[in-house]
>>> print(open('protein_20.cif').read())   # mmCIF, C-alpha atoms
data_work
loop_
_atom_site.label_atom_id
_atom_site.label_comp_id
_atom_site.auth_asym_id
_atom_site.auth_seq_id
_atom_site.Cartn_x
_atom_site.Cartn_y
_atom_site.Cartn_z
CA MET D 1 -6.68 0.12 -12.47
CA THR D 2 -8.13 -2.48 -10.15
CA LYS D 3 -4.95 -2.60 -8.12
CA ARG D 4 -4.86 1.19 -7.84
CA LEU D 5 -8.44 1.36 -6.67
CA PHE D 6 -7.62 -1.26 -4.07
CA VAL D 7 -4.67 0.81 -2.84
CA TRP D 8 -6.90 3.91 -2.61
CA ALA D 9 -9.40 1.94 -0.53
CA ILE D 10 -6.75 0.57 1.85
CA ALA D 11 -5.21 4.02 2.27
CA ALA D 12 -8.63 5.47 3.06
CA LEU D 13 -8.96 3.00 5.90
CA LEU D 14 -5.48 3.84 7.17
CA VAL D 15 -6.09 7.58 7.19
CA ALA D 16 -9.06 7.08 9.48
CA GLY D 17 -6.58 6.38 12.24
CA THR D 18 -4.33 9.38 11.60
CA GLY D 19 -6.35 11.94 13.53
CA CYS D 20 -8.23 13.16 10.45
CA SER D 21 -11.67 12.28 11.73
CA LYS D 22 -14.59 14.64 11.27
CA GLU D 23 -14.49 15.36 15.00
CA ASN D 24 -10.89 16.58 14.70
CA GLU D 25 -11.17 18.20 11.29
CA PRO D 26 -9.86 21.79 11.36
CA LYS D 27 -12.36 24.51 10.61
CA LYS D 28 -12.49 25.71 7.03
CA ASN D 29 -10.73 28.99 6.20
CA GLU D 30 -8.81 28.89 9.48
CA SER D 31 -5.62 30.99 9.25
CA ASN D 32 -2.66 31.68 11.49
CA GLU D 33 -3.27 35.13 12.95
CA ASN D 34 0.29 35.28 14.27
CA GLU D 35 1.81 35.16 10.79
CA PRO D 36 3.16 38.47 9.48
CA GLN D 37 1.32 40.11 6.59
CA GLU D 38 2.71 38.84 3.31
CA ARG D 39 2.95 40.58 -0.04
CA ASP D 40 0.13 40.09 -2.48
CA ARG D 41 -0.15 36.40 -3.35
CA ILE D 42 -0.73 37.02 -7.06
CA GLU D 43 2.34 39.24 -7.34
CA GLN D 44 4.34 36.53 -5.59
CA LEU D 45 3.00 33.89 -7.98
CA LEU D 46 4.15 35.89 -10.99
CA GLU D 47 7.62 36.26 -9.49
CA ASP D 48 7.82 32.57 -8.63
CA MET D 49 7.16 31.22 -12.11
CA VAL D 50 10.27 29.30 -13.20
CA TYR D 51 11.44 29.26 -16.83
CA VAL D 52 11.77 25.77 -18.31
CA GLU D 53 13.79 25.68 -21.50
CA GLY D 54 12.23 23.38 -24.06
CA GLY D 55 14.00 20.26 -25.22
CA THR D 56 13.77 16.54 -25.84
CA PHE D 57 13.68 13.92 -23.11
CA LEU D 58 12.74 10.30 -22.50
CA MET D 59 9.32 10.11 -20.83
CA GLY D 60 8.08 7.11 -18.86
CA ALA D 61 9.91 4.18 -17.31
CA GLN D 62 10.74 0.53 -17.92
CA ASP D 63 11.54 -2.44 -15.69
CA SER D 64 12.99 -4.90 -18.19
CA ASP D 65 16.60 -3.69 -18.39
CA SER D 66 18.25 -2.68 -15.12
CA ASN D 67 21.12 -1.09 -17.06
CA GLY D 68 18.84 0.71 -19.48
CA LEU D 69 17.46 4.22 -19.56
CA ASN D 70 14.65 5.19 -17.16
CA TYR D 71 14.80 1.87 -15.34
CA ASP D 72 12.49 1.57 -12.35
CA SER D 73 11.57 -1.72 -10.71
CA GLU D 74 8.32 -0.28 -9.28
CA ILE D 75 6.58 0.88 -12.43
CA TRP D 76 2.92 0.43 -13.31
CA ILE D 77 1.89 -0.68 -16.79
CA ASP D 78 0.79 2.83 -17.78
CA GLU D 79 4.33 4.21 -17.33
CA SER D 80 5.70 2.41 -20.38
CA PRO D 81 6.93 2.30 -23.04
CA VAL D 82 9.71 4.83 -22.60
CA HIS D 83 9.34 7.27 -25.49
CA GLU D 84 10.97 10.43 -26.77
CA VAL D 85 9.11 13.70 -26.24
CA THR D 86 10.00 17.21 -27.44
CA LEU D 87 8.52 20.23 -25.68
CA ASP D 88 8.45 23.97 -26.28
CA SER D 89 9.66 26.28 -23.51
CA TYR D 90 7.24 27.34 -20.76
CA TYR D 91 7.03 28.62 -17.19
CA ILE D 92 5.97 26.49 -14.24
CA GLY D 93 5.22 27.36 -10.63
CA LYS D 94 8.08 27.06 -8.19
CA TYR D 95 5.54 25.86 -5.61
CA GLU D 96 2.24 24.07 -5.51
CA VAL D 97 -0.71 26.46 -5.36
CA THR D 98 -1.11 27.48 -1.73
CA GLN D 99 -4.23 28.01 0.28
CA GLY D 100 -3.29 31.68 0.52
CA LEU D 101 -3.31 32.07 -3.25
CA TRP D 102 -6.52 30.11 -3.63
CA LYS D 103 -8.25 32.29 -1.04
CA ARG D 104 -6.87 35.44 -2.73
CA VAL D 105 -8.49 34.38 -6.01
CA MET D 106 -11.61 32.48 -4.95
CA GLY D 107 -12.36 33.94 -1.53
CA THR D 108 -12.80 30.47 -0.02
CA ASN D 109 -10.64 27.60 1.17
CA PRO D 110 -11.80 24.06 0.35
CA SER D 111 -8.85 22.39 2.07
CA TYR D 112 -9.07 19.71 4.76
CA PHE D 113 -5.78 20.68 6.43
CA THR D 114 -5.74 24.36 7.37
CA GLY D 115 -4.07 26.74 9.82
CA ASN D 116 -1.27 28.00 7.56
CA ASP D 117 -1.77 29.84 4.28
CA ASN D 118 1.46 28.31 2.93
CA LEU D 119 -0.01 24.82 3.00
CA PRO D 120 -0.89 23.53 -0.46
CA VAL D 121 -4.55 23.87 -1.34
CA GLU D 122 -6.20 20.46 -1.57
CA GLN D 123 -9.56 18.78 -1.74
CA VAL D 124 -9.99 20.42 -5.15
CA SER D 125 -11.30 18.61 -8.22
CA TRP D 126 -10.04 19.12 -11.76
CA ASP D 127 -13.20 21.12 -12.42
CA ASP D 128 -12.50 23.29 -9.35
CA CYS D 129 -9.03 23.97 -10.72
CA GLN D 130 -10.47 25.13 -14.04
CA ALA D 131 -12.75 27.59 -12.24
CA PHE D 132 -9.77 28.88 -10.23
CA ILE D 133 -7.60 29.26 -13.33
CA THR D 134 -10.35 31.06 -15.24
CA LYS D 135 -10.73 33.61 -12.45
CA LEU D 136 -6.96 33.98 -12.00
CA ASN D 137 -6.57 34.69 -15.71
CA GLU D 138 -9.33 37.30 -15.55
CA MET D 139 -7.53 38.99 -12.64
CA THR D 140 -4.07 38.91 -14.23
CA GLY D 141 -4.67 39.02 -17.98
CA LYS D 142 -2.40 35.97 -18.25
CA ASN D 143 -3.01 32.50 -19.67
CA PHE D 144 -2.28 30.20 -16.76
CA ARG D 145 -3.28 26.56 -17.11
CA LEU D 146 -2.53 23.12 -15.73
CA PRO D 147 0.60 21.39 -17.07
CA THR D 148 0.34 18.54 -19.51
CA GLU D 149 1.65 15.24 -18.20
CA ALA D 150 4.69 15.68 -20.44
CA GLU D 151 5.40 19.20 -19.15
CA TRP D 152 4.98 18.00 -15.60
CA GLU D 153 7.37 15.05 -15.97
CA TYR D 154 9.96 17.07 -17.91
CA ALA D 155 9.98 19.70 -15.15
CA ALA D 156 10.09 17.05 -12.41
CA ARG D 157 13.15 15.52 -14.08
CA GLY D 158 14.82 18.94 -14.14
CA GLY D 159 14.33 19.89 -17.79
CA GLN D 160 17.58 20.86 -19.50
CA GLN D 161 18.78 22.95 -16.54
CA ASP D 162 21.58 20.59 -15.68
CA GLU D 163 22.06 17.50 -17.79
CA TYR D 164 23.98 15.67 -15.08
CA THR D 165 21.75 16.40 -12.12
CA ARG D 166 18.67 16.03 -14.29
CA THR D 167 19.41 12.45 -15.16
CA MET D 168 22.23 11.01 -13.12
CA GLY D 169 22.77 10.44 -9.43
CA GLN D 170 26.24 10.31 -7.91
CA SER D 171 26.26 6.53 -8.30
CA GLY D 172 25.78 6.80 -12.07
CA THR D 173 22.16 5.66 -11.97
CA TYR D 174 19.10 7.63 -12.98
CA TYR D 175 17.41 9.68 -10.29
CA LYS D 176 14.32 7.88 -9.10
CA TYR D 177 12.87 10.99 -7.49
CA ALA D 178 12.73 14.65 -8.50
CA GLY D 179 16.33 15.74 -7.91
CA SER D 180 17.50 12.94 -5.63
CA ASN D 181 17.75 9.22 -5.08
CA ASP D 182 16.75 9.81 -1.45
CA ILE D 183 13.03 10.55 -1.28
CA ASP D 184 13.31 11.99 2.22
CA GLU D 185 15.32 14.90 0.79
CA VAL D 186 12.62 16.02 -1.63
CA ALA D 187 9.17 14.74 -0.65
CA TRP D 188 6.55 14.52 2.10
CA TYR D 189 5.04 11.08 1.63
CA TYR D 190 3.17 8.51 3.70
CA ASP D 191 5.50 7.29 6.44
CA ILE D 192 5.91 7.66 10.18
CA TYR D 193 7.64 11.04 9.79
CA SER D 194 5.05 12.84 7.64
CA ASP D 195 2.40 13.10 10.39
CA SER D 196 -0.15 12.00 7.78
CA LYS D 197 -0.90 15.54 6.63
CA THR D 198 0.23 18.22 4.22
CA HIS D 199 3.16 20.50 5.01
CA PRO D 200 3.97 24.11 4.02
CA VAL D 201 5.32 24.27 0.49
CA GLY D 202 9.05 24.61 -0.05
CA THR D 203 10.22 22.87 3.12
CA LYS D 204 12.03 20.03 1.35
CA ALA D 205 14.92 20.36 -1.12
CA PRO D 206 14.18 21.54 -4.70
CA ASN D 207 15.12 19.75 -7.90
CA ALA D 208 17.63 21.00 -10.51
CA LEU D 209 15.18 23.63 -11.76
CA GLY D 210 14.54 24.96 -8.27
CA LEU D 211 11.04 23.47 -8.09
CA TYR D 212 9.73 22.35 -4.72
CA ASP D 213 7.41 19.46 -3.84
CA MET D 214 7.30 18.01 -7.33
CA LEU D 215 6.90 14.75 -5.46
CA GLY D 216 4.82 14.25 -2.35
CA ASN D 217 2.78 16.71 -0.27
CA VAL D 218 -0.17 16.71 -2.72
CA TRP D 219 -0.78 15.10 -6.08
CA GLU D 220 -0.91 17.68 -8.89
CA TRP D 221 -3.66 17.70 -11.49
CA CYS D 222 -2.60 17.75 -15.13
CA SER D 223 -4.62 18.97 -18.11
CA ASP D 224 -4.64 15.60 -19.90
CA TRP D 225 -7.33 13.03 -20.16
CA TYR D 226 -5.94 9.77 -18.84
CA ASN D 227 -5.46 6.63 -20.91
CA VAL D 228 -3.48 3.61 -19.75
CA ASP D 229 -2.14 2.96 -23.29
CA TYR D 230 -1.48 6.56 -24.34
CA TYR D 231 2.32 6.20 -24.36
CA SER D 232 2.07 3.64 -27.15
CA ASN D 233 0.69 6.20 -29.60
CA SER D 234 1.58 9.57 -28.10
CA PRO D 235 2.88 12.18 -30.56
CA GLN D 236 6.49 13.21 -30.01
CA SER D 237 5.98 16.97 -30.16
CA ASN D 238 4.12 18.69 -27.29
CA PRO D 239 1.73 15.80 -26.47
CA GLU D 240 -1.49 16.95 -24.79
CA GLY D 241 -3.01 13.59 -23.93
CA PRO D 242 -5.97 11.76 -25.48
CA ALA D 243 -8.71 13.77 -27.16
CA THR D 244 -11.38 12.34 -24.85
CA GLY D 245 -11.66 10.15 -21.79
CA ASN D 246 -13.42 9.40 -18.54
CA TYR D 247 -10.66 10.37 -16.12
CA ARG D 248 -8.14 13.18 -15.71
CA ALA D 249 -4.48 12.55 -14.94
CA PHE D 250 -2.51 13.72 -11.92
CA ARG D 251 1.11 13.25 -10.97
CA GLY D 252 3.65 13.34 -8.15
CA GLY D 253 2.37 11.31 -5.21
CA SER D 254 1.33 12.80 -1.89
CA TRP D 255 1.34 12.61 1.92
CA PHE D 256 -1.38 9.96 1.45
CA ARG D 257 0.84 7.59 -0.56
CA GLY D 258 4.02 5.63 0.00
CA ALA D 259 7.33 6.18 -1.74
CA ASP D 260 6.38 3.83 -4.58
CA PHE D 261 3.83 6.41 -5.78
CA CYS D 262 6.21 9.37 -5.37
CA ARG D 263 8.24 8.77 -8.53
CA VAL D 264 8.69 11.07 -11.53
CA SER D 265 7.09 8.59 -13.96
CA CYS D 266 4.16 7.49 -11.76
CA ARG D 267 0.69 8.32 -13.12
CA ASP D 268 -2.77 8.22 -11.56
CA ASN D 269 -6.26 9.44 -12.37
CA ARG D 270 -9.74 10.36 -11.14
CA THR D 271 -12.93 11.79 -12.56
CA SER D 272 -12.83 15.54 -13.12
CA ASP D 273 -15.40 16.27 -10.41
CA ASP D 274 -13.63 14.28 -7.70
CA GLY D 275 -11.41 15.91 -5.07
CA HIS D 276 -9.42 14.57 -2.13
CA SER D 277 -7.28 15.94 0.69
CA SER D 278 -4.23 14.67 -1.21
CA LEU D 279 -5.06 16.42 -4.51
CA GLY D 280 -3.86 19.90 -5.43
CA LEU D 281 -2.30 21.69 -8.39
CA ARG D 282 0.65 23.56 -9.84
CA LEU D 283 0.36 26.16 -12.57
CA VAL D 284 1.98 26.51 -15.98
CA LEU D 285 2.28 29.69 -18.02
CA PRO D 286 2.99 29.13 -21.73
CA LEU D 287 5.22 31.55 -23.64
#
>>> encode(input="protein_20.cif", output="structure tokens")
Amino acid sequence: MTKRLFVWAIAALLVAGTGCSKENEPKKNESNENEPQERDRIEQLLEDMVYVEGGTFLMGAQDSDSNGLNYDSEIWIDESPVHEVTLDSYYIGKYEVTQGLWKRVMGTNPSYFTGNDNLPVEQVSWDDCQAFITKLNEMTGKNFRLPTEAEWEYAARGGQQDEYTRTMGQSGTYYKYAGSNDIDEVAWYYDIYSDSKTHPVGTKAPNALGLYDMLGNVWEWCSDWYNVDYYSNSPQSNPEGPATGNYRAFRGGSWFRGADFCRVSCRDNRTSDDGHSSLGLRLVLPL
């Protein structure tokens, strides 16, 4: 935890030099007037929910056996032990929630980076996400929610869509990233090419399930409370995280983090009332 907090602090200093100063901050709710009118954002959301067939997978990572399953030399302590998890089927969003959808539901745009409604919404806390989901469900009659950490990781790994591409790269090693061993194919992360900002969703390659930006662009809030030792006593069937806690979990890395954070097993956390320009969400719809 201490190391993570240190990394957050260093990154905050770095972003000060990326052009994201208050003087240069884009105006809230700014939109691109030259963009053509799009179909209703809620209708598009419903069409873009991707079916994830339930199944059993190995969640987490380990760094002790380079020839073993889910090996990753860059893991944090909270990513282990590797453990078997079984999930029911569900639907998950093809894209991160966009600013256009957030504005359609909430009538406001809290994001730091604006100018294109297809940018992911960010600067939203876990509590903000709950308010958004409550209103979305009232508007649609559905039961949208945030994914559990297990649902998120299973989807990021490709579910059961394609056993080979879900788990194995062409070299015979496990994919380190969501659908590729080359992070530049699938993620916007902190490097000289990302411009230190978010990018419109769906502009990198998808994973085996056809999901975009599972890594990078913005971190994605999960429903779980966070606990560093949860994997040691997590139930196998449909784990929902600890019963209580002080922090909420989020996954996937972002434009604000390097490649070492943009891995399918990487976990992080914040208090539920805390937002950041690298924090967004993706929706799940249970069957």
>>> resolve_selection(input="protein_20.cif", expression="the PyMOL selection byres ((chain D and resi 239-246) around 6)", output="PyMOL selection string")
chain D and resi 148+224-225+235+237-238+247
>>> resolve_selection(input="protein_20.cif", expression="the PyMOL selection byres ((chain D and resi 147) around 10)", output="list in words")
Tyr90, Tyr91, Ile92, Gly93, Phe144, Arg145, Leu146, Thr148, Glu149, Ala150, Glu151, Trp152, Glu153, Ala155, Glu220, Trp221, Cys222, Ser223, Asp224, Glu240, Phe250, Leu281, Arg282, Leu283, Val284, Leu285 and Pro286 of chain D
>>> atom_distance(input="protein_20.cif", atom1="atom CA of Gly252 of chain D", atom2="atom CA of Tyr231 of chain D")
17.8 Å
>>> closest_residue(input="protein_20.cif", among="D:Tyr154, D:Tyr230, D:Phe256, D:Phe261", to="Ser80 of chain D", atoms="only C-alpha atoms")
D:Tyr230
>>> resolve_selection(input="protein_20.cif", expression="the PyMOL selection byres ((chain D and resi 265) around 10)", output="number ranges by chain")
D: 59-62, 70, 72, 75-76, 78-80, 82, 149-150, 152-154, 156-157, 176-178, 251-252, 261-264, 266-267
>>> closest_residue(input="protein_20.cif", among="D:Gly179, D:Gly253, D:Pro120, D:Gly159", to="His199 of chain D", atoms="all atoms listed in the file")
D:Pro120
>>> atom_distance(input="protein_20.cif", atom1="atom CA of Val50 of chain D", atom2="atom CA of Lys103 of chain D")
22.4 Å
